Amino acid sequence: MDYKKSQDLFVEAEKFIPGGVNSPVRACKSVGCTPLFIARAKGSHIYDVDGNDFLDYVGSWGPMILGHAHPAVMDSVKAALAEGTSYGAPTEREVEMARMIVDAVPNIDLVRMVNSGTEATMSALRLARGFTGRDIIVKFDGCYHGHADTLLVQSGSGVATLGIPGSPGVPQDIVKNTVSLPYNDITAFSDFMAKRGDEAAAVIVEPVAGNMGVVTPARGFLEAIRKLTREHGTLFIFDEVITGFRLSYGGAQRLFNIQPDLTCLGKIIGGGLPVGAYGGREDIMRRMAPDGDVYQAGTLSGNPLAMAAGLATLKALKQEGIYEELEAKSARFWDGMEDIVRESELSLCLNRLGSMGTLFFTQDPVTDFRSAMAADRDKYSEFYQGMLARSIYLAPSPFEATFVSLAHTDEEIDRTLEAVRQTLRSMV
């Protein structure tokens, strides 16, 4: 397969962009490749500048749940584009989007639109500190909540992929108020809350981790956080930037029947355009300016193009039977993967919930950041390259999710499974 145009573009990009990319994992360093430069995408396929056609299981890192260039989304964006691109003033679409989110997500009474997942989590944590009058933030090892200073402690995603423990440029005076605990360790969390729970403004967690690879919550883990945060007057924040509207129409909290105090959203609610949101209990959200004294603002927040794409996506997902269809496709894919894992001579662990999952190259269960980091990264690199050669596009990192979309057909899923089988056999 010829990648010459992509390789030439990468050489050119490195002259003007740090690392040649605008987001670090895209550089593909951990999988021993140079990145593909994408020309276009449609349905379940992406096409690079060399004309190569790949079945896509990255989905722009999660938001393309309907598939690329979905007609309803494209028509909605085109209609909005004809009216203008940005006003810096309220629009009707923002109100409609807010109404749909409030109706769908159990804990959200009020919601504020922002421009990214990072901005959503950063704003939610500022609000939590303002509301409680406390400074300490608790997160969990391997959970990635964006690149805000307070959250680059034991993070997943690109931080884990590149082996960076944190980041220069983050003052110790800021991170001293961030505590990172082992994911899925109820005892460690209970011990911390017994000692310092009354100092904690908020506990933030990915209800299903998607940035150290997919790691599902242990039985009772989320319930313990909900119980102890409530006892100590600490706010509980769900980071549903990945899981929101993917695991169910109301996200992970509807699936698990757990209501946090605040929720962060992104990805799917923008239908492929830059977006984020945070929302929650009315008494908390009313502290945001201009109602209250906690300040956050954004010129492009509620951008009409992003709202148009997001509204079309949510309306499509609200149709009867859509999540059942997605689960049927996902079951076909992940059940097939389970069969391959059982047959393989390699050490493999497969984690999956709904339409998102990760294949780890390890013989041990992956239940937290430590066990995820113990997986064989060189084997994943070999697997990635083998799948790419078979025209299957996966995340260029062992610590990211694989996403099934509504655009994937049974035939495409079966073709992908055969590619997995062949690639793993070639690695023995």
# chains A, B, ... in the order shown; residues from 1 in each chain; ligands from 1
>>> select_by_dssp(residues="region 313-357 of chain A", states="helix (DSSP H, G or I)", output="PyMOL selection string")
chain A and resi 313-317+322-343
>>> closest_atom_pairs(of="region 15-111 of chain A", to="region 382-402 of chain A", cutoff="9 Å", atoms="only C-alpha atoms", output="JSON lines")
{"residue": "A:Val25", "atom": "CA", "partner": "A:Pro396", "partner_atom": "CA", "distance": 7.0}
{"residue": "A:Arg26", "atom": "CA", "partner": "A:Pro396", "partner_atom": "CA", "distance": 7.1}
{"residue": "A:Ala27", "atom": "CA", "partner": "A:Pro396", "partner_atom": "CA", "distance": 8.4}
{"residue": "A:Cys28", "atom": "CA", "partner": "A:Pro396", "partner_atom": "CA", "distance": 5.4}
{"residue": "A:Lys29", "atom": "CA", "partner": "A:Pro396", "partner_atom": "CA", "distance": 8.1}
{"residue": "A:Ser30", "atom": "CA", "partner": "A:Ser397", "partner_atom": "CA", "distance": 6.2}
{"residue": "A:Val31", "atom": "CA", "partner": "A:Pro396", "partner_atom": "CA", "distance": 5.9}
{"residue": "A:Gly32", "atom": "CA", "partner": "A:Gln385", "partner_atom": "CA", "distance": 8.2}
{"residue": "A:Cys33", "atom": "CA", "partner": "A:Gln385", "partner_atom": "CA", "distance": 7.9}
{"residue": "A:Pro35", "atom": "CA", "partner": "A:Pro396", "partner_atom": "CA", "distance": 8.7}
{"residue": "A:His45", "atom": "CA", "partner": "A:Tyr393", "partner_atom": "CA", "distance": 8.9}
{"residue": "A:Ile46", "atom": "CA", "partner": "A:Tyr393", "partner_atom": "CA", "distance": 8.3}
{"residue": "A:Asn52", "atom": "CA", "partner": "A:Ser391", "partner_atom": "CA", "distance": 7.9}
{"residue": "A:Asp53", "atom": "CA", "partner": "A:Ser391", "partner_atom": "CA", "distance": 6.6}
{"residue": "A:Phe54", "atom": "CA", "partner": "A:Ser391", "partner_atom": "CA", "distance": 4.6}
{"residue": "A:Leu55", "atom": "CA", "partner": "A:Ile392", "partner_atom": "CA", "distance": 4.9}
{"residue": "A:Asp56", "atom": "CA", "partner": "A:Tyr393", "partner_atom": "CA", "distance": 4.9}
{"residue": "A:Tyr57", "atom": "CA", "partner": "A:Leu394", "partner_atom": "CA", "distance": 5.5}
{"residue": "A:Val58", "atom": "CA", "partner": "A:Ala395", "partner_atom": "CA", "distance": 5.6}
{"residue": "A:Gly59", "atom": "CA", "partner": "A:Thr402", "partner_atom": "CA", "distance": 8.5}
{"residue": "A:Trp61", "atom": "CA", "partner": "A:Ala401", "partner_atom": "CA", "distance": 7.8}
{"residue": "A:Gly62", "atom": "CA", "partner": "A:Ala401", "partner_atom": "CA", "distance": 8.2}
>>> closest_atom_pairs(of="region 87-166 of chain A", to="region 175-195 of chain A", cutoff="6 Å", atoms="only C-alpha atoms", output="CSV")
residue,atom,partner,partner_atom,distance
A:Ile136,CA,A:Asn177,CA,4.7
A:Ile137,CA,A:Thr178,CA,4.8
A:Val138,CA,A:Val179,CA,4.8
A:Lys139,CA,A:Ser180,CA,4.8
A:Phe140,CA,A:Leu181,CA,4.7
A:Asp141,CA,A:Pro182,CA,5.2
A:Thr150,CA,A:Val175,CA,5.4
>>> residues_around(residues="Asp291 (chain A)", least_positions_apart="6", cutoff="12 Å", atoms="only C-alpha atoms", output="JSON list (two decimals) with N, CA and C atoms, in the first residue's frame")
[["chain", "number", "residue", "atom", "x", "y", "z"],
["A", 110, "LEU", "N", -29.74, 22.13, 34.10],
["A", 110, "LEU", "CA", -29.28, 23.25, 33.29],
["A", 110, "LEU", "C", -27.96, 22.84, 32.64],
["A", 282, "GLU", "N", -29.65, 22.21, 39.32],
["A", 282, "GLU", "CA", -29.94, 23.63, 39.11],
["A", 282, "GLU", "C", -29.26, 24.51, 40.15],
["A", 283, "ASP", "N", -29.27, 24.09, 41.41],
["A", 283, "ASP", "CA", -28.67, 24.96, 42.44],
["A", 283, "ASP", "C", -27.18, 25.16, 42.22],
["A", 284, "ILE", "N", -26.52, 24.15, 41.65],
["A", 284, "ILE", "CA", -25.10, 24.29, 41.34],
["A", 284, "ILE", "C", -24.90, 25.15, 40.11],
["A", 285, "MET", "N", -25.62, 24.85, 39.04],
["A", 285, "MET", "CA", -25.43, 25.55, 37.78],
["A", 285, "MET", "C", -25.82, 27.04, 37.87]]
>>> closest_residue(among="A:Tyr144, A:Ser123, A:Ile258, A:Leu326", to="Tyr295 (chain A)", atoms="only C-alpha atoms")
A:Ser123
>>> residues_around(residues="Lys267 (chain A)", least_positions_apart="5", cutoff="10 Å", atoms="only C-alpha atoms", output="number ranges by chain")
A: 60-65, 116-117, 240-246, 272-277, 310
>>> select_by_dssp(residues="region 157-349 of chain A", states="strand (DSSP E)", output="list in words")
Thr178, Val179, Ser180, Leu181, Ala200, Ala201, Ala202, Val203, Ile204, Val205, Leu235, Phe236, Ile237, Phe238, Asp239, Leu262, Thr263, Cys264, Leu265, Gly266, Gly276, Ala277, Tyr278, Gly279, Gly280 and Cys349 of chain A
>>> atom_distance(atom1="CA of Pro171 (chain A)", atom2="CA of Asp149 (chain A)")
7.9 Å
